[in-house]
Structures are given as C-alpha cells and as structure tokens.
Amino acid sequence: MSILVVGSVAYDTVETPFGRAEKVLGGSASFFSVAAAFFAPVSLVAVVGDDFGAAAMAAFEGRPIDLEGLERTAGKTFHWQGKYSYDLNSRETVCTDLNVFEFFEPRIPDRYRRSEYVFLGNIDPVLQRQVLDQVERPRLVACDTMNFWISGKPEEVRRTLAAVDVLLINDAEARQLSGEWNIVKAARAIRALGPHTLVIKKGEHGVLMFSEEGSFAAPAYPLEEVFDPTGAGDTFAGGFLGYLAGSPKVDEAALRRAVVMGSTLASFCVEAFSLDRLLTLSRPEIDARYRLFKRLTHFEEV
Ligand code: AMP
C-alpha cells in the first residue's frame, strides 16, 4: 500500500553541543520518506530550488520513493537553522528562510491520487487540505502541525483536523491546541476535533498514544550517543505510518506496534546529523532494535 507525503525538503544548518552541520539535507518530508520507504512505497510531494544538488537528491534514489511530485523551481531551497543546548529536548530556531516554499502550491500527480495512506507534514493547514482535496478517499490520513500554525491559523488547523484520522504532535503543541494543561484532558479535547488517534511525542521521554481503546506509552530507546534530534519526529511518523501501510489491518494492536516501530526508526535518526544514519540503515538492524524494544518494555506479573 502506498503512502503519499507532503512536507518540506530542506537544507538545514544545525548546531548541537557535539558539532555543527552546514546546509545538510533536512525537511519533514525527507526524514519521513526515507523512514517510511523501509516498509512501503512512498510518493513524495514537495518543492526544492535550483540549488538542490545531486548529492542531496541521492538520498531518495535507489529506494521506493516516487519523485514525480518533487517540484523544482527557480530560487533557493527552504533553509532552516536550529541550535540545541545540552538539554537536547529544547531547541531554538535561529532562522527559517522559506525561499521557494513561500509560493508552494502542492500539485498531486495523477498516479498519486489513489494513495491509501497520506501523511500531511507540517505545512500551512490550508495547503494540507488542498492535498486532501486532490486524493481519492485514503484509508488513513495522518497529520503533523506546529505552534506556528496553531497560534497563527487556529481555525484552519481545526478545519484540517476534522478530516484527519491520526494527529502526531508534541506535548507543548497538544497543550496549546486544546487549551488544557493536563495531557489526558488535552487528548480528549483534541480527539473531539476529529482524529480518532492522537500520538503525543515527548522527545527523550517517549510517546503517548490516545486511541478509541485507551492509552499506550512507549519510551524512547535508551541510547548512549544522541547526536542530533533534528527530524526525530518526522522519522517517527515515517516508521509509524510505514508500518501501518504494511499491516493487513489498522487495529489497536497494529497501532501499538506502529508506535514502537516509529520509536525504533527515530532512535536511529538521532545518532547522526541529517539523514546520515537513516541512509546507512538496513532492515535487519531495524528489526533487531525493534526486538530489543520489546525486551525493554516487557515485564511479568508475580
Ligand atoms: P523535527 O525535528 O521532526 O520537528 O523536524 C525538523 C525538520 O523540520 C527540519 O529538517 C526542518 O527543515 C523542518 N522544518 C523546520 N521548520 C519548518 C517549517 N516552518 N516548515 C516546514 N518544515 C520545517
């Protein structure tokens, strides 16, 4: 089953306490696509400028990622710069240069229109709806958003959420969106807006999922080396949706396994800058860490 993703393809400049990377490949759709393509074919919708080089493009090649919807226009590729302190959970956005992204109007190629799974990466909620208007009744629509849109276009975010099945956001965004400080109350309020499932990402503290059948928690995989958290959320979403797209049905058990698979993919992402670790990753390595996850969280009644 194929997955359509719309989001940013970017050049990122990232500073962490452990080093700096200048204009490396980033963007929500990039992390998502490479992670999801381990499980299912991906159809990418995004825009890059004429400065987007062959080296960056190579990240998508040789994988089941359809690039017909990757538009190239005159101008510079979207650029984001971020800085992390020793607490890698908090980051400061140094600058966001929208560049070609400013005039982006997602156009869905004909052969993408029947995608069964859709991931609306973090872009303007109006554009997210434009994408949904161009596809034929997907089985599952997942969506990400951020504080910028929640405070800037709250009504548009709500209209988009009415058409979404799974929302993936972080805890601060969940509080902002619902106006509730308590996460359980926030989840109830957000699920009333449309999504039957809400996945709340809490960085190194893991993930909480609220669905029709209650709640489920997964820790972040305990790593000795965390190098750069950029893209962990989008990589989580790629592993999560990729896993579901490869599952025979989407029920509570599959959603729970998808949360663990998303967390597994995200744990690789943070081990290096940019997509570097994802690009050397193999399916056996993914499966081995997924099994370790099971051991990490398993306990028995006495
Ligand atoms: P994450 O760490 O999963 O939240 O995602 C980080 C990625 O999001 C980076 O690679 C950035 O290029 C991208 N990004 C940051 N700000 C924006 C924005 N306003 N719109 C679209 N993508 C963004």
# chains A, B, ... in the order shown; residues from 1 in each chain; ligands from 1
call {"tool": "residues_near_ligand", "arguments": {"ligand": "ligand 1", "cutoff": "6 Å", "atoms": "only C-alpha atoms and all ligand atoms", "output": "list in words"}}
result
Ser8, Ala10, Asp12, Gly26, Gly27, Ser28, Trp80, Asn122, Ile123, Thr230, Gly231, Ala232, Gly233 and Asp234 of chain A
call {"tool": "write_last_selection", "arguments": {"atoms": "all heavy atoms", "output": "short mmCIF file (atom, residue, chain, number, x, y, z; two decimals), in the first residue's frame"}}
result
data_model
loop_
_atom_site.label_atom_id
_atom_site.label_comp_id
_atom_site.auth_asym_id
_atom_site.auth_seq_id
_atom_site.Cartn_x
_atom_site.Cartn_y
_atom_site.Cartn_z
N SER A 8 8.18 19.48 3.86
CA SER A 8 9.34 20.24 3.40
C SER A 8 10.49 19.31 3.03
O SER A 8 10.69 18.26 3.63
CB SER A 8 9.79 21.22 4.49
OG SER A 8 10.02 20.56 5.71
N ALA A 10 14.46 20.25 2.67
CA ALA A 10 15.17 21.44 3.13
C ALA A 10 16.68 21.26 3.14
O ALA A 10 17.19 20.14 3.12
CB ALA A 10 14.70 21.77 4.54
N ASP A 12 19.28 22.15 6.04
CA ASP A 12 19.31 22.52 7.45
C ASP A 12 20.74 22.90 7.86
O ASP A 12 21.71 22.28 7.42
CB ASP A 12 18.91 21.33 8.34
CG ASP A 12 17.42 21.01 8.29
OD1 ASP A 12 16.64 21.80 7.73
OD2 ASP A 12 17.05 19.95 8.85
N GLY A 26 17.62 18.15 4.98
CA GLY A 26 16.65 18.05 6.06
C GLY A 26 15.26 18.21 5.50
O GLY A 26 15.03 18.02 4.30
N GLY A 27 14.34 18.58 6.37
CA GLY A 27 12.95 18.77 5.94
C GLY A 27 12.08 17.61 6.39
O GLY A 27 12.51 16.45 6.38
N SER A 28 10.83 17.94 6.74
CA SER A 28 9.94 16.91 7.29
C SER A 28 9.70 15.79 6.29
O SER A 28 9.71 14.61 6.65
CB SER A 28 8.62 17.55 7.71
OG SER A 28 8.01 18.21 6.62
N TRP A 80 16.43 25.94 7.01
CA TRP A 80 16.10 26.07 8.43
C TRP A 80 17.37 25.94 9.24
O TRP A 80 18.23 25.11 8.93
CB TRP A 80 15.10 24.97 8.83
CG TRP A 80 14.80 24.93 10.29
CD1 TRP A 80 13.94 25.74 10.99
CD2 TRP A 80 15.36 24.04 11.27
NE1 TRP A 80 13.94 25.40 12.32
CE2 TRP A 80 14.80 24.36 12.52
CE3 TRP A 80 16.30 23.00 11.20
CZ2 TRP A 80 15.14 23.69 13.69
CZ3 TRP A 80 16.63 22.32 12.37
CH2 TRP A 80 16.05 22.68 13.60
N ASN A 122 4.24 18.96 8.35
CA ASN A 122 3.99 20.25 8.95
C ASN A 122 4.10 21.40 7.93
O ASN A 122 5.19 21.91 7.69
CB ASN A 122 5.01 20.39 10.09
CG ASN A 122 5.11 21.78 10.59
OD1 ASN A 122 4.14 22.52 10.59
ND2 ASN A 122 6.31 22.15 11.01
N ILE A 123 2.98 21.74 7.31
CA ILE A 123 2.91 22.90 6.42
C ILE A 123 1.61 23.65 6.72
O ILE A 123 0.84 23.22 7.58
CB ILE A 123 2.95 22.51 4.92
CG1 ILE A 123 1.83 21.52 4.57
CG2 ILE A 123 4.31 21.96 4.53
CD1 ILE A 123 1.69 21.25 3.08
N THR A 230 17.27 16.51 15.37
CA THR A 230 16.50 17.06 14.25
C THR A 230 15.92 15.93 13.39
O THR A 230 16.63 15.02 12.99
CB THR A 230 17.41 17.93 13.35
OG1 THR A 230 18.04 18.90 14.17
CG2 THR A 230 16.60 18.61 12.25
N GLY A 231 14.64 16.04 13.13
CA GLY A 231 13.99 15.07 12.25
C GLY A 231 13.45 13.85 12.97
O GLY A 231 12.79 13.01 12.34
N ALA A 232 13.68 13.76 14.28
CA ALA A 232 13.22 12.56 15.01
C ALA A 232 11.71 12.42 14.90
O ALA A 232 11.20 11.30 14.72
CB ALA A 232 13.64 12.64 16.48
N GLY A 233 10.98 13.54 14.99
CA GLY A 233 9.52 13.48 14.93
C GLY A 233 9.03 12.98 13.57
O GLY A 233 8.11 12.16 13.49
N ASP A 234 9.63 13.48 12.52
CA ASP A 234 9.21 13.08 11.17
C ASP A 234 9.64 11.65 10.87
O ASP A 234 8.95 10.91 10.16
CB ASP A 234 9.81 14.04 10.13
CG ASP A 234 9.43 15.46 10.45
OD1 ASP A 234 8.23 15.74 10.52
OD2 ASP A 234 10.33 16.28 10.68
#
call {"tool": "residues_around", "arguments": {"residues": "Ser43 of chain A", "least_positions_apart": "4", "cutoff": "9 Å", "atoms": "only C-alpha atoms", "output": "PyMOL selection string"}}
result
chain A and resi 2-6+33+64-69+112+115
call {"tool": "closest_residue", "arguments": {"among": "A:Ala36, A:Val14, A:Leu88, A:Cys143", "to": "Gly246 of chain A", "atoms": "only C-alpha atoms"}}
result
A:Ala36
call {"tool": "closest_residue", "arguments": {"among": "A:Leu167, A:Arg159, A:Arg114, A:Asp97", "to": "Leu127 of chain A", "atoms": "only C-alpha atoms"}}
result
A:Arg159
call {"tool": "residues_around", "arguments": {"residues": "Ala245 of chain A", "least_positions_apart": "4", "cutoff": "12 Å", "atoms": "only C-alpha atoms", "output": "compact mmCIF listing (two decimals) with N, CA, C and O atoms, in the first residue's frame"}}
result
# COMPACT_ATOMS: atom_id res chain seq x y z
N MET A 1 0.85 -1.20 0.00
CA MET A 1 0.00 0.00 0.00
C MET A 1 0.88 1.25 0.00
O MET A 1 1.81 1.34 0.79
N SER A 2 0.57 2.20 -0.84
CA SER A 2 1.48 3.32 -0.96
C SER A 2 1.09 4.49 -0.04
O SER A 2 -0.05 4.62 0.37
N ILE A 3 2.10 5.29 0.26
CA ILE A 3 1.93 6.42 1.18
C ILE A 3 2.26 7.71 0.45
O ILE A 3 3.35 7.84 -0.11
N LEU A 4 1.35 8.65 0.45
CA LEU A 4 1.63 9.97 -0.10
C LEU A 4 2.09 10.87 1.04
O LEU A 4 1.45 10.91 2.09
N ALA A 36 9.80 5.82 5.97
CA ALA A 36 8.62 5.04 5.56
C ALA A 36 8.96 4.06 4.45
O ALA A 36 8.36 2.98 4.35
N ALA A 37 9.94 4.43 3.60
CA ALA A 37 10.26 3.60 2.44
C ALA A 37 10.89 2.24 2.83
O ALA A 37 11.05 1.37 1.98
N PHE A 38 11.25 2.07 4.10
CA PHE A 38 11.69 0.74 4.54
C PHE A 38 10.53 -0.25 4.55
O PHE A 38 10.75 -1.46 4.58
N PHE A 39 9.29 0.27 4.53
CA PHE A 39 8.12 -0.59 4.71
C PHE A 39 7.15 -0.58 3.54
O PHE A 39 6.41 -1.53 3.34
N ALA A 40 7.09 0.53 2.82
CA ALA A 40 6.06 0.68 1.78
C ALA A 40 6.53 1.71 0.75
O ALA A 40 7.36 2.57 1.07
N PRO A 41 5.99 1.66 -0.47
CA PRO A 41 6.36 2.68 -1.46
C PRO A 41 5.82 4.06 -1.06
O PRO A 41 4.71 4.17 -0.53
N VAL A 42 6.63 5.08 -1.30
CA VAL A 42 6.30 6.45 -0.89
C VAL A 42 6.19 7.34 -2.12
O VAL A 42 6.99 7.23 -3.05
N SER A 115 -3.47 7.00 -3.47
CA SER A 115 -2.65 6.53 -2.33
C SER A 115 -3.57 6.15 -1.18
O SER A 115 -4.52 6.88 -0.86
N GLU A 116 -3.28 5.02 -0.56
CA GLU A 116 -4.15 4.55 0.54
C GLU A 116 -3.84 5.26 1.84
O GLU A 116 -4.68 5.37 2.72
N TYR A 117 -2.59 5.70 1.99
CA TYR A 117 -2.16 6.36 3.22
C TYR A 117 -1.62 7.74 2.86
O TYR A 117 -0.94 7.89 1.85
N VAL A 118 -1.95 8.74 3.68
CA VAL A 118 -1.49 10.10 3.42
C VAL A 118 -0.86 10.66 4.69
O VAL A 118 -1.43 10.52 5.78
N PHE A 119 0.31 11.27 4.53
CA PHE A 119 0.91 11.99 5.66
C PHE A 119 1.02 13.46 5.30
O PHE A 119 1.72 13.83 4.35
N PRO A 138 -8.48 8.20 0.98
CA PRO A 138 -7.46 7.29 1.52
C PRO A 138 -8.01 6.48 2.70
O PRO A 138 -9.02 6.86 3.29
N ARG A 139 -7.33 5.37 2.99
CA ARG A 139 -7.75 4.57 4.15
C ARG A 139 -7.41 5.26 5.46
O ARG A 139 -8.11 5.10 6.45
N LEU A 140 -6.29 6.00 5.45
CA LEU A 140 -5.85 6.65 6.69
C LEU A 140 -5.11 7.95 6.38
O LEU A 140 -4.22 7.97 5.53
N VAL A 141 -5.49 9.01 7.08
CA VAL A 141 -4.80 10.30 6.93
C VAL A 141 -4.14 10.64 8.26
O VAL A 141 -4.81 10.72 9.29
N ALA A 142 -2.82 10.83 8.23
CA ALA A 142 -2.09 11.25 9.42
C ALA A 142 -1.55 12.65 9.19
O ALA A 142 -1.33 13.06 8.04
N ALA A 237 7.18 9.48 12.49
CA ALA A 237 5.95 9.41 11.68
C ALA A 237 6.15 8.47 10.49
O ALA A 237 5.25 7.71 10.14
N GLY A 238 7.34 8.49 9.89
CA GLY A 238 7.63 7.61 8.74
C GLY A 238 7.60 6.14 9.14
O GLY A 238 7.02 5.30 8.44
N GLY A 239 8.22 5.82 10.28
CA GLY A 239 8.22 4.43 10.75
C GLY A 239 6.81 4.00 11.15
O GLY A 239 6.38 2.87 10.87
N PHE A 240 6.08 4.91 11.78
CA PHE A 240 4.72 4.64 12.26
C PHE A 240 3.78 4.35 11.08
O PHE A 240 3.14 3.30 11.01
N LEU A 241 3.76 5.27 10.13
CA LEU A 241 2.82 5.11 9.01
C LEU A 241 3.28 4.02 8.05
O LEU A 241 2.46 3.29 7.49
N LYS A 249 -4.24 -4.97 8.71
CA LYS A 249 -5.32 -4.08 9.14
C LYS A 249 -4.83 -3.10 10.19
O LYS A 249 -3.83 -3.35 10.86
N VAL A 250 -5.56 -1.99 10.29
CA VAL A 250 -5.20 -0.97 11.27
C VAL A 250 -6.12 -1.12 12.48
O VAL A 250 -7.22 -0.57 12.50
N ALA A 254 -2.08 -3.14 15.90
CA ALA A 254 -1.19 -2.62 14.85
C ALA A 254 -0.74 -1.20 15.20
O ALA A 254 0.43 -0.85 14.99
N LEU A 255 -1.64 -0.39 15.75
CA LEU A 255 -1.26 0.98 16.13
C LEU A 255 -0.15 0.95 17.19
O LEU A 255 0.80 1.73 17.14
N ALA A 258 3.04 -0.02 15.63
CA ALA A 258 3.50 1.09 14.80
C ALA A 258 4.19 2.17 15.66
O ALA A 258 5.18 2.77 15.24
call {"tool": "residues_around", "arguments": {"residues": "segment 191-206 of chain A", "least_positions_apart": "6", "cutoff": "7 Å", "atoms": "only C-alpha atoms", "output": "list of chain:residue names"}}
result
A:Asn89, A:Arg158, A:Leu161, A:Ala162, A:Ala163, A:Val164, A:Asp165, A:Val166, A:Leu167, A:Leu168, A:Ile169, A:Asn170, A:Asp171, A:Glu212, A:Ala218, A:Pro219, A:Ala220
call {"tool": "write_last_selection", "arguments": {"atoms": "C-alpha atoms", "output": "compact mmCIF listing (two decimals), in the first residue's frame"}}
result
# COMPACT_ATOMS: atom_id res chain seq x y z
CA ASN A 89 14.89 18.35 24.23
CA ARG A 158 -9.29 22.87 13.26
CA LEU A 161 -8.18 18.19 11.81
CA ALA A 162 -11.81 17.40 11.07
CA ALA A 163 -10.54 15.35 8.09
CA VAL A 164 -7.62 13.66 9.89
CA ASP A 165 -7.51 10.16 11.46
CA VAL A 166 -4.20 10.34 13.32
CA LEU A 167 -2.57 13.50 14.65
CA LEU A 168 1.10 13.42 15.70
CA ILE A 169 2.27 16.41 17.74
CA ASN A 170 4.48 17.16 20.74
CA ASP A 171 3.22 17.75 24.27
CA GLU A 212 -10.50 4.56 20.84
CA ALA A 218 6.41 3.77 24.69
CA PRO A 219 9.74 5.07 25.99
CA ALA A 220 12.43 6.48 23.76
call {"tool": "atom_distance", "arguments": {"atom1": "atom CA of Pro248 of chain A", "atom2": "atom CA of Gly62 of chain A"}}
result
25.8 Å
call {"tool": "residues_around", "arguments": {"residues": "segment 279-292 of chain A", "least_positions_apart": "2", "cutoff": "12 Å", "atoms": "only C-alpha atoms", "output": "PyMOL selection string"}}
result
chain A and resi 25+30-31+33-39+56+58-63+218+220-223+239+243+257-269+271-277+294-298
call {"tool": "select_by_dssp", "arguments": {"residues": "segment 4-248 of chain A", "states": "strand (DSSP E)", "output": "MDAnalysis selection string"}}
result
chainID A and resid 4:6 10:16 19:26 42:48 65:66 70:72 79:84 91:97 117:120 140:144 166:170 197:201 207:211 214:218
